[in-house]
Structures are given as structure tokens and as C-alpha cells.
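**Q** So that you have it, the file is query_28.txt, and it contains compact mmCIF, C-alpha atoms:
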```
# COMPACT_ATOMS: atom_id res chain seq x y z
CA MET A 1 0.00 0.00 0.00
CA THR A 2 1.36 3.43 -0.96
CA THR A 3 1.73 5.81 1.99
CA ARG A 4 0.43 9.29 1.25
CA PRO A 5 1.98 12.26 3.07
CA ALA A 6 -0.31 14.12 5.43
CA GLY A 7 -2.09 16.94 3.66
CA ASP A 8 -1.61 15.52 0.14
CA LEU A 9 -4.02 17.84 -1.67
CA GLY A 10 -3.93 15.88 -4.92
CA PHE A 11 -4.87 12.65 -3.17
CA LEU A 12 -7.67 14.41 -1.29
CA LYS A 13 -9.11 15.80 -4.51
CA GLN A 14 -8.97 12.36 -6.15
CA HIS A 15 -10.66 10.82 -3.11
CA ASN A 16 -13.43 13.43 -3.26
CA ARG A 17 -14.02 12.84 -6.97
CA ALA A 18 -14.12 9.08 -6.44
CA SER A 19 -16.67 9.51 -3.65
CA LEU A 20 -18.89 11.61 -5.91
CA LEU A 21 -18.63 9.08 -8.74
CA GLU A 22 -19.68 6.29 -6.39
CA LEU A 23 -22.59 8.33 -5.04
CA LEU A 24 -23.84 8.94 -8.57
CA ARG A 25 -23.36 5.29 -9.51
CA GLN A 26 -25.65 4.32 -6.65
CA THR A 27 -28.09 7.22 -7.03
CA PRO A 28 -28.04 8.79 -10.50
CA GLY A 29 -29.79 12.10 -11.00
CA LEU A 30 -28.47 13.98 -7.96
CA THR A 31 -27.74 17.70 -8.29
CA ARG A 32 -24.60 19.42 -7.10
CA ALA A 33 -26.42 20.63 -4.00
CA GLU A 34 -27.65 17.11 -3.21
CA LEU A 35 -24.15 15.71 -3.73
CA ALA A 36 -22.77 18.26 -1.28
CA GLN A 37 -25.42 17.34 1.27
CA ARG A 38 -24.85 13.59 0.97
CA SER A 39 -21.05 13.70 0.75
CA LYS A 40 -20.64 16.30 3.54
CA LEU A 41 -18.35 18.26 1.20
CA THR A 42 -18.67 21.99 0.61
CA LYS A 43 -20.59 23.22 -2.42
CA VAL A 44 -17.40 24.81 -3.75
CA THR A 45 -15.50 21.51 -3.47
CA VAL A 46 -18.32 19.60 -5.15
CA GLY A 47 -18.65 22.20 -7.91
CA ALA A 48 -14.95 22.05 -8.77
CA ALA A 49 -14.86 18.24 -8.70
CA VAL A 50 -17.98 17.92 -10.84
CA GLN A 51 -16.59 20.33 -13.41
CA GLU A 52 -13.41 18.25 -13.76
CA LEU A 53 -15.40 15.03 -14.08
CA LEU A 54 -17.63 16.58 -16.74
CA GLU A 55 -14.60 17.76 -18.72
CA HIS A 56 -13.01 14.30 -18.67
CA GLY A 57 -16.15 12.46 -19.77
CA TRP A 58 -17.00 10.73 -16.49
CA LEU A 59 -20.26 12.62 -15.90
CA SER A 60 -23.10 14.03 -17.94
CA GLU A 61 -25.74 16.51 -16.83
CA GLY A 62 -29.35 17.02 -17.77
CA ALA A 63 -31.62 20.01 -18.05
CA PRO A 64 -32.25 22.26 -15.02
CA ILE A 65 -34.70 20.81 -12.48
CA ARG A 66 -37.50 23.27 -11.84
CA GLY A 67 -39.21 23.66 -8.50
CA GLY A 68 -38.25 24.99 -5.12
CA SER A 69 -36.49 28.23 -4.33
CA GLY A 70 -33.13 29.36 -5.60
CA ARG A 71 -31.24 28.55 -8.73
CA PRO A 72 -32.42 25.27 -10.32
CA GLY A 73 -29.89 22.44 -10.23
CA LYS A 74 -29.02 20.01 -12.99
CA ALA A 75 -29.32 16.25 -12.61
CA LEU A 76 -25.94 14.52 -12.83
CA SER A 77 -25.21 10.93 -13.79
CA LEU A 78 -22.31 8.77 -14.90
CA HIS A 79 -21.72 9.34 -18.61
CA PRO A 80 -23.54 6.53 -20.45
CA GLY A 81 -21.51 6.64 -23.66
CA HIS A 82 -17.90 7.50 -22.91
CA HIS A 83 -16.44 4.41 -21.21
CA ALA A 84 -16.72 0.62 -21.21
CA VAL A 85 -15.43 -2.28 -19.13
CA LEU A 86 -14.91 -5.89 -20.26
CA GLY A 87 -15.76 -8.95 -18.18
CA LEU A 88 -14.69 -12.43 -19.30
CA GLU A 89 -15.18 -15.96 -18.02
CA ILE A 90 -13.48 -19.26 -18.72
CA GLY A 91 -16.01 -21.91 -17.76
CA VAL A 92 -15.70 -25.67 -17.76
CA HIS A 93 -18.00 -25.92 -20.78
CA GLY A 94 -17.90 -22.48 -22.34
CA LEU A 95 -16.47 -18.99 -22.70
CA HIS A 96 -18.30 -15.73 -22.04
CA ALA A 97 -17.39 -12.13 -22.80
CA LEU A 98 -19.37 -8.94 -22.23
CA ALA A 99 -19.01 -5.19 -22.06
CA ILE A 100 -20.76 -2.90 -19.56
CA ASP A 101 -21.05 0.86 -19.21
CA LEU A 102 -20.43 2.85 -16.02
CA SER A 103 -23.89 2.02 -14.65
CA GLY A 104 -23.32 -1.72 -15.03
CA ALA A 105 -25.70 -2.09 -17.98
CA ILE A 106 -24.61 -4.73 -20.49
CA LEU A 107 -23.71 -3.17 -23.84
CA ALA A 108 -23.06 -6.43 -25.69
CA GLN A 109 -22.04 -10.00 -24.94
CA ARG A 110 -20.76 -13.14 -26.61
CA HIS A 111 -21.03 -16.77 -25.52
CA GLN A 112 -19.34 -19.76 -27.07
CA ARG A 113 -19.90 -23.38 -26.19
CA PHE A 114 -16.35 -24.61 -25.70
CA SER A 115 -14.67 -27.40 -23.77
CA PRO A 116 -11.34 -26.00 -22.57
CA SER A 117 -8.64 -28.64 -22.73
CA GLN A 118 -5.39 -26.76 -23.32
CA PRO A 119 -4.89 -23.28 -21.80
CA ASP A 120 -3.24 -21.82 -24.92
CA ALA A 121 -6.03 -22.87 -27.28
CA THR A 122 -8.63 -21.63 -24.81
CA LEU A 123 -7.00 -18.22 -24.49
CA ASP A 124 -6.61 -17.94 -28.27
CA THR A 125 -10.36 -18.41 -28.66
CA LEU A 126 -11.18 -16.03 -25.81
CA ALA A 127 -8.89 -13.33 -27.21
CA GLU A 128 -10.63 -13.57 -30.58
CA MET A 129 -14.01 -13.16 -28.83
CA VAL A 130 -12.67 -10.04 -27.11
CA ARG A 131 -11.49 -8.53 -30.39
CA GLU A 132 -14.89 -9.17 -31.97
CA LEU A 133 -16.67 -7.64 -29.00
CA ILE A 134 -14.52 -4.52 -29.13
CA ASP A 135 -14.98 -4.11 -32.88
CA ASP A 136 -18.75 -4.63 -32.75
CA ALA A 137 -19.78 -2.92 -29.52
CA LEU A 138 -17.29 -0.40 -28.15
CA GLY A 139 -17.05 2.11 -30.97
CA THR A 140 -15.35 5.26 -29.66
CA ARG A 141 -15.72 4.34 -25.98
CA GLN A 142 -12.60 4.33 -23.82
CA LEU A 143 -11.89 0.86 -22.43
CA LEU A 144 -11.16 1.07 -18.71
CA GLY A 145 -10.01 -2.50 -18.18
CA VAL A 146 -10.54 -6.23 -18.38
CA GLY A 147 -11.60 -8.72 -15.69
CA LEU A 148 -11.25 -12.50 -16.06
CA ALA A 149 -13.27 -15.07 -14.07
CA VAL A 150 -11.86 -18.60 -13.77
CA PRO A 151 -13.25 -21.92 -12.44
CA GLY A 152 -10.98 -22.33 -9.44
CA PRO A 153 -9.08 -20.52 -6.69
CA THR A 154 -6.65 -17.79 -7.64
CA SER A 155 -3.53 -16.72 -5.79
CA PRO A 156 -3.99 -13.91 -3.25
CA GLN A 157 -2.28 -11.58 -5.73
CA GLN A 158 -4.83 -12.70 -8.37
CA HIS A 159 -2.22 -13.06 -11.10
CA ARG A 160 -2.30 -16.87 -11.26
CA LEU A 161 -4.92 -19.59 -11.37
CA SER A 162 -3.92 -21.89 -8.51
CA LEU A 163 -6.10 -24.83 -9.55
CA ALA A 164 -9.05 -25.66 -11.80
CA PRO A 165 -9.91 -29.23 -10.69
CA ASN A 166 -12.51 -29.83 -13.38
CA LEU A 167 -10.13 -28.71 -16.14
CA GLY A 168 -6.98 -30.30 -14.77
CA TRP A 169 -5.16 -26.93 -14.86
CA ARG A 170 -2.69 -25.96 -12.11
CA ASP A 171 -0.62 -22.88 -11.31
CA LEU A 172 -1.05 -20.89 -14.52
CA PRO A 173 -0.46 -17.14 -15.07
CA LEU A 174 -3.66 -16.94 -17.10
CA LEU A 175 -4.05 -13.18 -16.83
CA ASP A 176 -0.57 -12.50 -18.20
CA MET A 177 -1.09 -15.12 -20.90
CA LEU A 178 -4.28 -13.35 -22.01
CA LYS A 179 -2.65 -9.90 -21.90
CA GLN A 180 0.05 -11.16 -24.26
CA ARG A 181 -2.66 -12.03 -26.78
CA LEU A 182 -4.28 -8.58 -26.46
CA PRO A 183 -1.27 -6.24 -26.39
CA GLY A 184 -3.20 -3.11 -27.33
CA LEU A 185 -5.53 -3.15 -24.33
CA ALA A 186 -4.44 -0.85 -21.51
CA GLY A 187 -6.25 -0.11 -18.27
CA ILE A 188 -6.95 -2.28 -15.25
CA TRP A 189 -6.45 -6.04 -15.55
CA THR A 190 -7.64 -8.38 -12.80
CA MET A 191 -8.62 -12.02 -12.30
CA ASP A 192 -10.73 -13.85 -9.73
CA ASN A 193 -12.60 -17.05 -9.03
CA GLU A 194 -15.95 -17.14 -10.84
CA ALA A 195 -18.11 -17.53 -7.71
CA LYS A 196 -16.32 -14.70 -5.91
CA ALA A 197 -16.71 -12.54 -9.01
CA ALA A 198 -20.43 -13.30 -9.20
CA ALA A 199 -20.93 -12.48 -5.52
CA PHE A 200 -19.11 -9.17 -5.90
CA GLY A 201 -21.16 -8.17 -8.93
CA GLU A 202 -24.48 -9.06 -7.32
CA LEU A 203 -23.70 -6.89 -4.29
CA TYR A 204 -21.90 -4.01 -5.99
CA LEU A 205 -24.38 -3.56 -8.82
CA ALA A 206 -27.42 -3.94 -6.59
CA ARG A 207 -29.71 -0.96 -6.22
CA SER A 208 -31.04 -0.25 -2.73
CA SER A 209 -34.75 0.43 -2.39
CA ALA A 210 -37.27 0.83 0.38
CA THR A 211 -38.32 -2.80 0.07
CA ASP A 212 -35.06 -4.47 -0.92
CA GLU A 213 -32.04 -3.07 0.88
CA THR A 214 -28.53 -4.16 -0.01
CA PRO A 215 -27.59 -6.89 2.51
CA ALA A 216 -24.64 -6.54 4.88
CA SER A 217 -23.15 -9.64 3.26
CA LEU A 218 -24.04 -11.78 0.26
CA LEU A 219 -23.14 -15.38 -0.54
CA TYR A 220 -23.29 -16.68 -4.10
CA VAL A 221 -23.38 -20.44 -4.63
CA SER A 222 -22.23 -21.55 -8.07
CA ALA A 223 -23.84 -24.92 -8.80
CA GLY A 224 -22.63 -26.28 -12.10
CA THR A 225 -20.05 -28.80 -13.25
CA GLY A 226 -18.42 -28.08 -9.89
CA ILE A 227 -19.71 -26.41 -6.73
CA GLY A 228 -18.21 -23.20 -5.39
CA SER A 229 -19.20 -20.10 -3.49
CA GLY A 230 -18.17 -16.52 -2.89
CA LEU A 231 -18.85 -14.29 0.12
CA VAL A 232 -18.78 -10.49 -0.11
CA GLU A 233 -19.28 -8.01 2.72
CA ASP A 234 -20.85 -4.65 1.96
CA GLY A 235 -18.59 -1.61 2.18
CA SER A 236 -16.80 1.03 0.14
CA PRO A 237 -15.62 -0.94 -1.71
CA PRO A 238 -17.27 -4.31 -0.93
CA ARG A 239 -14.81 -6.82 0.54
CA VAL A 240 -14.39 -10.27 -0.98
CA ILE A 241 -13.47 -12.94 1.59
CA ARG A 242 -10.54 -14.88 0.10
CA GLY A 243 -8.54 -16.68 2.78
CA VAL A 244 -4.79 -16.93 3.06
CA HIS A 245 -4.48 -19.24 0.02
CA GLY A 246 -7.50 -17.99 -1.92
CA LEU A 247 -9.46 -21.10 -0.91
CA ALA A 248 -12.31 -19.40 0.95
CA GLY A 249 -15.59 -20.55 -0.59
CA GLU A 250 -14.33 -23.81 -2.10
CA ILE A 251 -17.33 -25.60 -0.61
CA GLY A 252 -17.34 -28.26 -3.31
CA HIS A 253 -14.16 -29.63 -1.79
CA THR A 254 -15.28 -29.71 1.82
CA VAL A 255 -15.37 -33.36 2.84
CA LEU A 256 -18.83 -34.66 3.74
CA VAL A 257 -18.14 -38.41 3.55
CA PRO A 258 -14.77 -39.50 5.02
CA ASP A 259 -13.16 -42.14 2.78
CA GLY A 260 -15.95 -41.58 0.27
CA LYS A 261 -15.83 -41.41 -3.51
CA ALA A 262 -12.73 -40.00 -5.22
CA CYS A 263 -12.98 -36.34 -6.21
CA HIS A 264 -11.24 -34.50 -9.05
CA CYS A 265 -9.25 -32.50 -6.50
CA GLY A 266 -7.49 -35.61 -5.14
CA ASN A 267 -9.42 -35.97 -1.89
CA ARG A 268 -12.25 -38.42 -1.22
CA GLY A 269 -15.82 -37.78 -0.14
CA CYS A 270 -15.96 -34.11 -1.22
CA ALA A 271 -19.32 -32.39 -1.60
CA GLU A 272 -18.85 -32.42 -5.38
CA THR A 273 -19.02 -36.21 -5.36
CA LEU A 274 -22.59 -35.84 -4.04
CA VAL A 275 -23.88 -32.79 -5.89
CA SER A 276 -22.21 -31.45 -9.04
CA GLY A 277 -22.70 -31.65 -12.76
CA TRP A 278 -19.89 -34.13 -13.22
CA ALA A 279 -21.14 -36.38 -10.40
CA LEU A 280 -24.68 -36.46 -11.83
CA ARG A 281 -23.34 -37.27 -15.29
CA GLU A 282 -21.25 -40.08 -13.88
CA ARG A 283 -24.08 -41.50 -11.80
CA LEU A 284 -26.61 -41.38 -14.66
CA ALA A 285 -24.17 -42.24 -17.48
CA ILE A 286 -24.72 -38.98 -19.39
CA ASP A 287 -21.84 -38.10 -21.72
CA ASP A 288 -20.18 -34.68 -21.88
CA HIS A 289 -21.53 -33.95 -25.36
CA THR A 290 -25.15 -33.94 -24.14
CA GLU A 291 -26.64 -31.04 -22.20
CA LEU A 292 -27.17 -32.28 -18.65
CA HIS A 293 -30.82 -31.27 -18.44
CA GLN A 294 -31.53 -32.96 -21.78
CA GLY A 295 -29.77 -36.15 -20.71
CA ILE A 296 -31.82 -36.20 -17.52
CA ASP A 297 -35.12 -35.53 -19.32
CA GLN A 298 -34.40 -38.30 -21.84
CA HIS A 299 -33.04 -40.83 -19.36
CA PRO A 300 -34.79 -44.23 -19.69
CA ASP A 301 -35.05 -44.79 -15.91
CA GLN A 302 -36.84 -41.77 -14.47
CA ALA A 303 -37.26 -43.44 -11.06
CA THR A 304 -33.48 -43.61 -10.72
CA VAL A 305 -33.23 -40.01 -11.93
CA ALA A 306 -35.75 -38.84 -9.32
CA ASP A 307 -33.89 -40.58 -6.50
CA CYS A 308 -30.53 -39.27 -7.72
CA LEU A 309 -31.74 -35.66 -7.91
CA ASP A 310 -33.45 -35.91 -4.52
CA GLN A 311 -30.25 -37.12 -2.86
CA ALA A 312 -28.17 -34.46 -4.65
CA GLY A 313 -30.69 -31.80 -3.62
CA LYS A 314 -30.45 -32.78 0.03
CA ALA A 315 -26.66 -32.62 -0.20
CA LEU A 316 -26.97 -29.12 -1.64
CA GLY A 317 -29.31 -28.19 1.20
CA LEU A 318 -26.74 -29.52 3.67
CA LEU A 319 -24.09 -27.31 2.07
CA LEU A 320 -26.38 -24.28 2.35
CA LEU A 321 -26.96 -25.03 6.03
CA ASN A 322 -23.24 -25.42 6.69
CA LEU A 323 -22.56 -22.12 4.94
CA HIS A 324 -25.33 -20.47 6.97
CA HIS A 325 -23.76 -21.65 10.23
CA THR A 326 -20.13 -20.94 9.31
CA LEU A 327 -20.43 -17.70 7.31
CA ASN A 328 -23.94 -16.46 8.25
CA PRO A 329 -24.55 -14.29 5.15
CA GLY A 330 -27.40 -11.82 4.97
CA ARG A 331 -28.56 -13.22 1.63
CA ILE A 332 -27.85 -16.37 -0.40
CA ILE A 333 -28.09 -16.57 -4.18
CA ILE A 334 -27.86 -19.81 -6.14
CA GLY A 335 -26.93 -19.86 -9.82
CA GLY A 336 -25.22 -22.13 -12.30
CA SER A 337 -26.22 -24.78 -14.80
CA LEU A 338 -27.73 -27.11 -12.17
CA VAL A 339 -30.53 -24.59 -11.65
CA SER A 340 -31.90 -25.71 -15.04
CA LEU A 341 -32.69 -29.10 -13.47
CA GLY A 342 -35.56 -27.40 -11.68
CA PRO A 343 -37.67 -28.44 -8.69
CA ARG A 344 -36.53 -32.06 -8.57
CA LEU A 345 -33.09 -30.83 -7.44
CA LEU A 346 -33.88 -27.45 -5.91
CA ASP A 347 -36.97 -28.30 -3.85
CA PRO A 348 -35.17 -30.85 -1.62
CA ALA A 349 -32.28 -28.38 -1.19
CA LEU A 350 -34.45 -25.40 -0.25
CA ARG A 351 -36.72 -27.54 1.93
CA PHE A 352 -33.76 -28.97 3.88
CA PHE A 353 -32.33 -25.49 4.40
CA ALA A 354 -35.68 -24.01 5.47
CA ASP A 355 -36.37 -26.88 7.88
CA HIS A 356 -32.99 -26.59 9.64
CA GLN A 357 -31.74 -23.00 9.43
CA LYS A 358 -33.37 -21.86 12.71
CA HIS A 359 -32.65 -24.84 14.93
CA LEU A 360 -29.53 -23.21 16.32
CA LEU A 361 -31.03 -19.72 16.77
CA PRO A 362 -34.84 -19.85 16.56
CA GLN A 363 -35.32 -16.11 17.12
CA ALA A 364 -33.04 -15.09 14.23
CA SER A 365 -34.44 -13.47 11.12
CA THR A 366 -34.91 -15.73 8.12
CA VAL A 367 -32.11 -15.76 5.56
CA THR A 368 -33.60 -15.72 2.09
CA VAL A 369 -32.35 -17.89 -0.75
CA GLN A 370 -32.76 -16.51 -4.27
CA VAL A 371 -32.50 -18.82 -7.28
CA LEU A 372 -31.28 -17.29 -10.54
CA GLU A 373 -32.92 -18.93 -13.51
CA ASP A 374 -30.36 -17.44 -15.93
CA SER A 375 -26.87 -16.88 -14.54
CA ARG A 376 -24.84 -17.39 -17.70
CA SER A 377 -23.35 -13.87 -17.60
CA ILE A 378 -23.14 -13.44 -13.82
CA ALA A 379 -19.43 -14.22 -13.39
CA SER A 380 -18.25 -12.14 -16.36
CA ARG A 381 -20.48 -9.25 -15.25
CA GLY A 382 -19.07 -9.62 -11.74
CA MET A 383 -15.53 -9.33 -13.07
CA ALA A 384 -16.52 -6.24 -15.04
CA ALA A 385 -17.95 -4.85 -11.78
CA GLN A 386 -14.62 -5.44 -10.03
CA VAL A 387 -12.83 -3.48 -12.75
CA LEU A 388 -15.49 -0.74 -12.65
CA CYS A 389 -15.11 -0.39 -8.88
CA GLN A 390 -11.35 0.07 -9.24
CA ALA A 391 -11.76 2.39 -12.22
CA LEU A 392 -14.07 4.79 -10.36
CA ALA A 393 -11.56 4.95 -7.51
CA ARG A 394 -8.56 5.33 -9.87
CA HIS A 395 -10.32 7.44 -12.46
CA TYR A 396 -7.26 9.48 -13.40
CA ASP A 397 -4.80 6.67 -14.13
CA VAL A 398 -6.88 3.77 -15.46
CA THR A 399 -5.39 4.07 -18.94
CA VAL A 400 -2.07 2.84 -17.55
CA SER A 401 -1.63 -0.95 -17.74
CA ALA A 402 -1.99 -2.59 -14.34
```
Show me, as C-alpha cells, the structure contained in the file I just sent.

**A**
Amino acid sequence: MTTRPAGDLGFLKQHNRASLLELLRQTPGLTRAELAQRSKLTKVTVGAAVQELLEHGWLSEGAPIRGGSGRPGKALSLHPGHHAVLGLEIGVHGLHALAIDLSGAILAQRHQRFSPSQPDATLDTLAEMVRELIDDALGTRQLLGVGLAVPGPTSPQQHRLSLAPNLGWRDLPLLDMLKQRLPGLAGIWTMDNEAKAAAFGELYLARSSATDETPASLLYVSAGTGIGSGLVEDGSPPRVIRGVHGLAGEIGHTVLVPDGKACHCGNRGCAETLVSGWALRERLAIDDHTELHQGIDQHPDQATVADCLDQAGKALGLLLLNLHHTLNPGRIIIGGSLVSLGPRLLDPALRFFADHQKHLLPQASTVTVQVLEDSRSIASRGMAAQVLCQALARHYDVTVSA
């Protein structure tokens, strides 16, 4: 961390501008007077900061707002057309790329069904998707940075993929390898685990309202080929819980059955051996070339399918309960390809969690579980949100390669 000398006026001005940008990201349409009131800064300070941000394309202002006494103010918002951020994901069965604006709205996205086998071939394909996305969607926008989500834990410095058990990849500098394929892209570059990225995006891009306040902490459970999770605590900026080795949230590799079935990670009896896409495929003899939900719907022995999904659902419910007792998040969101299997898997999971979550503390408020029917872009959007968060804080030097 860089130590700033006391009274560093330049740093203070940058901090003030960043605070105003974040206020307008959360509540677009505020006037200068309202920004001064909410930020506790003087009107002169706010006026000077807003003028700089307008000149550099970070803000736009609308027509004067009539009503009330005094000079009418103008509604301010983050500029919708000047900047863009890219979010990418390498999944076990596909690649995703999207671009968002400063409000988090998706400008364009690309998805390609792809089975990553070799890192170099995968990154070649992903880099081509990025070039197409830039050519087709960005136009004259300034690119602020690129975020990459990966299916496994990353190092604490986020420059290397530590392990992707379901790909067989270990200790790879994926971010640097991708940067080498896209040499013209400056700005912020960062990488994170896909579940942690999704959790960050869901919290950071949430809009508070009178009926749906942003929770103090949010847990995202990624239920797909593997099982993972990410926990984020609200703050400025939100804090992702990582652990000393980046393993926080690797719930798929918590051991539920000692000396149980062999897992892809090398241990035995992991949660993924009970509930995961690969475990269901193995148990029901569904090959990797068939969509899991189609293979299940077309399976000749639906009684076996029903029993298999019920047992997997209860295992998922057990994981949710364990996460509730160990991490105690304010909200839980479930996404991933297993959601497409519907009530036969999800009902046993949600029922188990609902039946057991208050045994330890009956008077506690109920923790809600939200199921995302379509979460295909959630990790890539979450990575774009991580870049956006850094860009708003570092708004004067984001064109320098990280």
C-alpha cells in the first residue's frame, strides 16, 4: 500500500471525486447541492470536482430541475456513452465475454460453447471473442479495463490460477497469458474465481430500495459442473473474503463423507461427489456432449433419476446449512447450470435449508435464498464490476496498464 503524506491535496481531490462518482453510480440524478449534502463536502468543493469530471467524460448533466427556491440544479449521472469495461469468463463448458457501461448495464455480450482442454487454445479463442466484442460494440468508448473469471481458486495476488480441478489446470499465469494475446488493451487487468466474481457483482451492482435493501453480506453459490461459493461483505468498496491461500468458498471440496468417492481434487468424499454436474453425469451415465438437463429428461429410468436428484438436492441443502452456520450471510443466491434441473433438485435443497436453518437460533431473522434462472453472464459481469469499482476509484490513471 502506498503511503500518502499528510495533507496531500492531490490525493484528497482524487478521493473526493471518487466519492462523488460512487454516489452517482448508486443514485443517478443527484444535483450538485444534493451531492454536497450527501457527501458532507462543501458546495465549492463539489462544484470544482464535478466540473473536472464533466470535462473528462466521467459525468453528464441534464436540463435544469424546476421547483423549489433558488437557482435550479441540474441532474448529474455517470456518462452513459464514454467508457466501457470488459468482463470475461473461462467456464468448464464455455467462454463468455461482455461489455458494460459505467452504470453496469450490459452493452453487448458473446457466448461460445467450448470445452477448454489446453490453456493456450482456450485463451486464443477467448482473445478472438474479445477482439470481436470490441470491434462490434465499443465504438469510440474508452476501455477502462478487463476482468477475467476462472473456475478455481486464484492466488492472493490474483495473477495466477492456482487450480481448476474440473479442467486439470494448475498454477497458470492466465491473466498474463491473455494480456500477451491482447497487447493493445491498456487499463486495469484483474482475475478472480468465478463464484467470488459473481458475488461481488451481485452486491456491488445492486440498487437499494425501500423494500429491498442491499444486505450486509451476500453469498453466491455456483452450482454447475463443480460447486463453489463466494462471500462479499458490503462496504466502500465491498470486501471479498478470500482466505490466506485464496481457498475461501471452495465448498465443493469440503469433505462430507470420510473415505468416500474420489474427487477431481485428489481428496475423497468431497461435496462435489454428491452434488455437481460431473457427479450427476457419472451416476446417470450422461456423456459430456449432451446437455445435462436434456440427458436427464431423456433418461430411460426416471425413477433412478428422481432418487438421484433428490439425494443431490439434500446434499446441496446440507451445504447451504453449513454455509449459513459458518459464514452467516445476509442473503444467499444460487446460480449455475444445475438450476436448469428445476424443482426435482432445488426443492429438496431449499426444503432442507428451510427446515434446519433456525434450529440453532430460533429467534433469528430468516435468511432468504434466491434462485437465478439465468446466470450465464453473472461471473463475467461480476468481473466487469470489479474493474469498474477500481476504475471509479482510480479514475485518473486507469489508462495505464496494471

**Q** Could you pull the residues within 10 Å of stretch 117-119 of chain A, counting all atoms listed in the file, minus those fewer than 5 positions along the same chain, as a PyMOL selection string?

**A** chain A and resi 90+92-93+124+167-169+172+174+177-178

**Q** Rounded to one decimal place, report the atom CA of A:Val369-atom CA of A:Asp310 distance in Å.

**A** 18.4 Å

**Q** When you look at stretch 328-338 of chain A with a cut-off of 7 Å (counting all atoms listed in the file), what residues show up, excluding the ones that are within fewer than 2 positions of it in the same chain? I need them as a list in words.

**A**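 Skipping anything fewer than 2 positions along the chain leaves Pro215, Ala216, Ser217, Leu218, Leu219, Tyr220, Val221, Ser222, Ala223, Gly224, Gly277, Leu323, His324, His325, Thr326, Ser340, Leu341, Val367, Thr368, Val369, Gln370, Val371, Leu372 and Ser375 of chain A.
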
**Q** Using only C-alpha atoms, find the one residue out of A:His289, A:Arg32, A:Lys358, A:Lys261 that sits nearest to A:Gly73.

**A**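 That would be A:Arg32, the residue with the smallest distance to A:Gly73.
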
**Q** A:Ile134: which residues within 10 Å, counting all atoms listed in the file, same-chain residues fewer than 2 positions away excluded, as a PyMOL selection string?

**A** chain A and resi 84+86+98-99+108+128-132+136-141+143

**Q** Which residue is closest to A:Glu202? Choose from A:Pro153, A:Gly313, A:Gly104, A:Gly295 and count all atoms listed in the file.

**A**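 Nearest candidate to A:Glu202 out of A:Pro153, A:Gly313, A:Gly104, A:Gly295: A:Gly104.
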
**Q** Pick from A:Gly260, A:Gly47, A:Gly382, A:Gly184: nearest to A:Lys196, with only C-alpha atoms counted?

**A**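 Smallest separation from A:Lys196 among the options: A:Gly382.
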
**Q** Please report the interatomic distance between atom CA of A:Glu89 and atom CA of A:Ser380 in Å with one decimal.

**A**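 Atom CA of A:Ser380 lies 5.2 Å from atom CA of A:Glu89.
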
**Q** With distances taken over only C-alpha atoms, which residue among A:Gln157, A:Gln298, A:Thr225, A:Thr214 lies nearest A:Gly246?

**A**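 When distances to A:Gly246 are compared using only C-alpha atoms, the smallest one comes from A:Gln157.
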
**Q** What's the separation between atom CA of A:Thr31 and atom CA of A:Gly145, in Å to one decimal place?

**A**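 Answer for the atom CA of A:Thr31 to atom CA of A:Gly145 separation: 28.6 Å.
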
**Q** Could you check which of A:Ser19, A:Gln311, A:Ser77, A:Asn322 is closest to A:Gly252, using all atoms listed in the file?

**A**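 When distances to A:Gly252 are compared using all atoms listed in the file, the smallest one comes from A:Asn322.
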
**Q** So which residues touch A:Leu161 within 6 Å, counting only C-alpha atoms, skipping near sequence neighbours fewer than 2 positions away, as an NGL selection string?

**A** :A and (154 or 163 or 171-172)

**Q** Selected residues, C-alpha atoms, written as a PDB file, in the frame of the given file, please.

**A**
```
ATOM      1  CA  THR A 154      -6.650 -17.790  -7.640  1.00  0.00           C
ATOM      2  CA  LEU A 163      -6.100 -24.830  -9.550  1.00  0.00           C
ATOM      3  CA  ASP A 171      -0.620 -22.880 -11.310  1.00  0.00           C
ATOM      4  CA  LEU A 172      -1.050 -20.890 -14.520  1.00  0.00           C
TER       5      LEU A 172
END
```

**Q** Using all atoms listed in the file, which of A:Val46, A:Leu54, A:Ala315, A:Ala285 sits nearest A:Pro300?

**A** A:Ala285
